[in-house]
Amino acid sequence: MEKKKFELKLYHKIFIGLILGVIVGIIFSNMGGPDNPTIAKILEVCVFVGNLFLRLIKMGIVPLVFFSITSGVISLGDIKRLANTGVRTILLFLGTSAGAVTIGLIIANIIKPGSAMDLGSVAADSIEMKELPGFLDSVLDFFPENPIASMANGTMLHIISFSIFVGIALIMVGERAKPVTDFIEICSETMFKIIDIVVKFTPYGVFGLMANATAQFGVEIFGPILKFIIADYLSAITFTIVVLWVICLGLIVKVNPIKFFKKAFEPWLIAFSTCTSSAALPVAMKLSKDVGIPEENSSFVLPLGATMNMNGTCIYFGIIVVFASQLYGMDLSIATQIMLVFQATLLAVGCAAVPSIGLVISITLLESMGLPLEAIALVAGIYRIVDQIHTATNSHGDLIVAAVVSKLEGTFDYERFNTEKVDITKA
């Protein structure tokens with residue numbers, strides 16, 4: 001009997017690119033990092049490769065989100081079902097985000113990452129401040145004045161809301177809209193084919209991004225604020241196991257969480273490596289059927305989650321507030337921390353799905369609570385490292401919420417979930 005030839009799958013290649021990037025980055029860091037002119041030139045190539053990958057991914061994101069959400073709305077078939085799906089999805093996003101902040105606060109209070117640290121003369125003046133709109137302005141900002149301009153600018157909330165309106169209108173038009181709905185479905189399939197091409201470049205992009213990041217930060221960044229990193233990662237792992245796996249998958253969907261994670265490993269790893277949910281979104285949508293989520297749910301929930309569901313970022317919001325208060329010996333009352341859960345949840349809903357957005361938004365959060373901003377300067381140097389687990393948790397949470405929505409609607413495909421995983425590079 002002829003032995004089956006072993007072939008590297010996409011996630012194998014991505015993981016190899018990640019590890020090689022870290023190894024090369026550490027070597028470059030020990031050789032002087034960006035301060036070494038020769039290393040700096042090599043890192044320029046690494047940055048180019050990483051940015052090229054992100055550029056290719058971004059190239060397809062706007063049309064993918066527009067056509068997939070519009071197609072997803074159309075596939076729901078009637079307005080009543082759309083309302084039920086939308087309400088369930090948003091409530092799940094808010095609920096899991098609130099749970100994420102709570103877990104981050106509890107673990108930060110136990111580990112005390114900001115205790116016994118001396119800031120010295122550290123300042124955060126170099127970090128650009130970003131003002132957040134009030135509640136009414138935030139609601140207003142969900143809807144575009146010019147949807148074409150919003151597409152050109154990549155404003156995801158605007159694209160999502162416009163896509164939903166287009167889908168609803170086409171359902172209301174009825175049979176006469178069939179030529180348009182067929183065209184939208186073809187465009188959606190075309191975008192997936194484009195992403196199939198682009199995603200094969202992922203291992204090289206991941207290598208470039210990780211080599212550059214590790215060369216700049218070096219291993220010494222794990223020293224001064226190691227407790228912050230531990231608190232962040234421990235919170236994300238605890239949230240994933242307790243809320244996403246045990247409660248959502250185990251108790252609600254009633255499937256094996258470990259098996260689900262194995263099937264959904266590619267988007268988790270891409271999100272972890274690139275620090276952007278946008279890079280993981282196309283892959284998550286591609287393999288959603290393999291974890292039992294029908295296209296009518298995945299095409300609606302996943303793009304919406306890439307913008308609104310920021311579980312990992314919520315964890316960071318809780319930890320950074322505790323961290324900043326401990327640096328200056330300030331006590332946060334229970335009442336203050338309860339209010340923080342609500343405030344951080346609402347802030348996360350408005351976060352864009354781009355790297356380091358949590359760092360910028362947290363400045364406003366600390367300001368609103370009267371806490372010093374110097375803590376941000378300490379975190380800024382290693383934010384890339386914690387942002388990796390934030391983004392991976394965000395992306396994984398999107399898939400699990402989509403699974404819960406499918407279960408609640410009675411459309412979760414247990415037979416497909418229990419079959420062997422399909423390699424997305426060959427699907």
# chains A, B, ... in the order shown; residues from 1 in each chain; ligands from 1
>>> residues_around(residues="Phe317 of chain A", least_positions_apart="2", cutoff="9 Å", atoms="only C-alpha atoms", output="list of chain:residue names")
A:Val101, A:Gly104, A:Leu105, A:Gly312, A:Thr313, A:Cys314, A:Ile315, A:Ile319, A:Ile320, A:Val321, A:Val322, A:Leu340, A:Ala344, A:Ala348, A:Gly358, A:Leu359, A:Ile361, A:Ser362, A:Leu365
>>> write_last_selection(atoms="N, CA and C atoms", output="short mmCIF file (atom, residue, chain, number, x, y, z; two decimals), in the first residue's frame")
data_model
loop_
_atom_site.label_atom_id
_atom_site.label_comp_id
_atom_site.auth_asym_id
_atom_site.auth_seq_id
_atom_site.Cartn_x
_atom_site.Cartn_y
_atom_site.Cartn_z
N VAL A 101 -14.52 42.12 29.60
CA VAL A 101 -14.03 43.19 30.47
C VAL A 101 -14.00 42.71 31.92
N GLY A 104 -11.09 40.42 32.53
CA GLY A 104 -9.86 41.21 32.54
C GLY A 104 -9.67 41.95 33.85
N LEU A 105 -10.74 42.53 34.38
CA LEU A 105 -10.67 43.25 35.65
C LEU A 105 -10.35 42.32 36.82
N GLY A 312 -11.23 40.67 22.83
CA GLY A 312 -9.85 40.83 23.29
C GLY A 312 -9.53 42.27 23.64
N THR A 313 -10.04 43.22 22.85
CA THR A 313 -9.82 44.64 23.13
C THR A 313 -10.50 45.04 24.43
N CYS A 314 -11.67 44.48 24.71
CA CYS A 314 -12.37 44.74 25.97
C CYS A 314 -11.54 44.27 27.17
N ILE A 315 -10.91 43.11 27.02
CA ILE A 315 -10.03 42.61 28.08
C ILE A 315 -8.92 43.61 28.36
N ILE A 319 -7.77 45.78 31.83
CA ILE A 319 -6.44 45.63 32.44
C ILE A 319 -5.69 46.96 32.46
N ILE A 320 -5.77 47.74 31.39
CA ILE A 320 -5.01 48.99 31.33
C ILE A 320 -5.49 49.98 32.39
N VAL A 321 -6.79 49.99 32.70
CA VAL A 321 -7.31 50.89 33.73
C VAL A 321 -6.77 50.48 35.11
N VAL A 322 -6.81 49.18 35.40
CA VAL A 322 -6.27 48.70 36.68
C VAL A 322 -4.77 48.95 36.74
N LEU A 340 -17.07 50.67 34.53
CA LEU A 340 -16.06 50.46 33.49
C LEU A 340 -16.49 49.35 32.53
N ALA A 344 -16.45 50.30 28.70
CA ALA A 344 -15.50 49.61 27.81
C ALA A 344 -16.24 48.81 26.74
N ALA A 348 -15.72 49.50 22.75
CA ALA A 348 -15.22 48.45 21.86
C ALA A 348 -16.09 48.28 20.63
N GLY A 358 -6.93 49.74 19.84
CA GLY A 358 -7.19 49.69 21.26
C GLY A 358 -6.27 50.61 22.05
N LEU A 359 -5.02 50.73 21.62
CA LEU A 359 -4.06 51.60 22.29
C LEU A 359 -4.52 53.05 22.25
N ILE A 361 -7.70 54.19 21.64
CA ILE A 361 -8.97 54.35 22.34
C ILE A 361 -8.77 54.34 23.86
N SER A 362 -7.80 53.56 24.35
CA SER A 362 -7.59 53.47 25.79
C SER A 362 -7.13 54.80 26.39
N LEU A 365 -10.23 56.43 27.31
CA LEU A 365 -10.83 55.75 28.45
C LEU A 365 -10.17 56.19 29.75
#
>>> residues_around(residues="Phe143 of chain A", least_positions_apart="3", cutoff="7 Å", atoms="only C-alpha atoms", output="list of chain:residue names")
A:Leu140, A:His158, A:Ser161
>>> atom_distance(atom1="atom CA of Leu209 of chain A", atom2="atom CA of Thr274 of chain A")
7.1 Å
>>> closest_residue(among="A:Ser333, A:Thr102, A:Ser273, A:Ser188", to="Lys286 of chain A", atoms="only C-alpha atoms")
A:Ser188
>>> residues_around(residues="Phe67 of chain A", least_positions_apart="3", cutoff="9 Å", atoms="only C-alpha atoms", output="VMD selection string")
chain A and resid 62 to 64 70 to 72 163 184 to 185 187 to 189 191
>>> write_last_selection(atoms="N, CA and C atoms", output="tab-separated table (two decimals), in the first residue's frame")
chain	number	residue	atom	x	y	z
A	62	VAL	N	-13.31	45.51	1.36
A	62	VAL	CA	-14.52	46.32	1.17
A	62	VAL	C	-15.53	45.64	0.26
A	63	PRO	N	-15.14	45.21	-0.96
A	63	PRO	CA	-16.14	44.51	-1.78
A	63	PRO	C	-16.61	43.20	-1.17
A	64	LEU	N	-15.70	42.48	-0.46
A	64	LEU	CA	-16.09	41.23	0.17
A	64	LEU	C	-17.17	41.47	1.22
A	70	THR	N	-24.67	41.78	2.02
A	70	THR	CA	-25.88	41.94	1.21
A	70	THR	C	-26.44	40.58	0.82
A	71	SER	N	-25.56	39.67	0.39
A	71	SER	CA	-25.97	38.32	0.03
A	71	SER	C	-26.53	37.58	1.24
A	72	GLY	N	-25.89	37.78	2.41
A	72	GLY	CA	-26.35	37.14	3.64
A	72	GLY	C	-27.74	37.61	4.05
A	163	SER	N	-24.99	47.96	3.44
A	163	SER	CA	-25.20	46.62	2.89
A	163	SER	C	-26.50	46.01	3.41
A	184	ILE	N	-25.19	39.79	-7.28
A	184	ILE	CA	-24.52	39.97	-5.99
A	184	ILE	C	-23.93	38.66	-5.49
A	185	GLU	N	-24.64	37.57	-5.67
A	185	GLU	CA	-24.12	36.26	-5.25
A	185	GLU	C	-22.89	35.87	-6.07
A	187	CYS	N	-20.82	38.00	-7.49
A	187	CYS	CA	-19.74	38.89	-7.03
A	187	CYS	C	-19.16	38.40	-5.70
A	188	SER	N	-20.03	37.93	-4.81
A	188	SER	CA	-19.57	37.41	-3.52
A	188	SER	C	-18.66	36.20	-3.73
A	189	GLU	N	-19.06	35.29	-4.60
A	189	GLU	CA	-18.23	34.11	-4.91
A	189	GLU	C	-16.91	34.53	-5.55
A	191	MET	N	-15.27	37.31	-5.06
A	191	MET	CA	-14.38	37.87	-4.03
A	191	MET	C	-13.72	36.76	-3.22
>>> residues_around(residues="segment 19-23 of chain A", least_positions_apart="2", cutoff="9 Å", atoms="only C-alpha atoms", output="ChimeraX atom specification")
/A:14-17,25-28,206-215
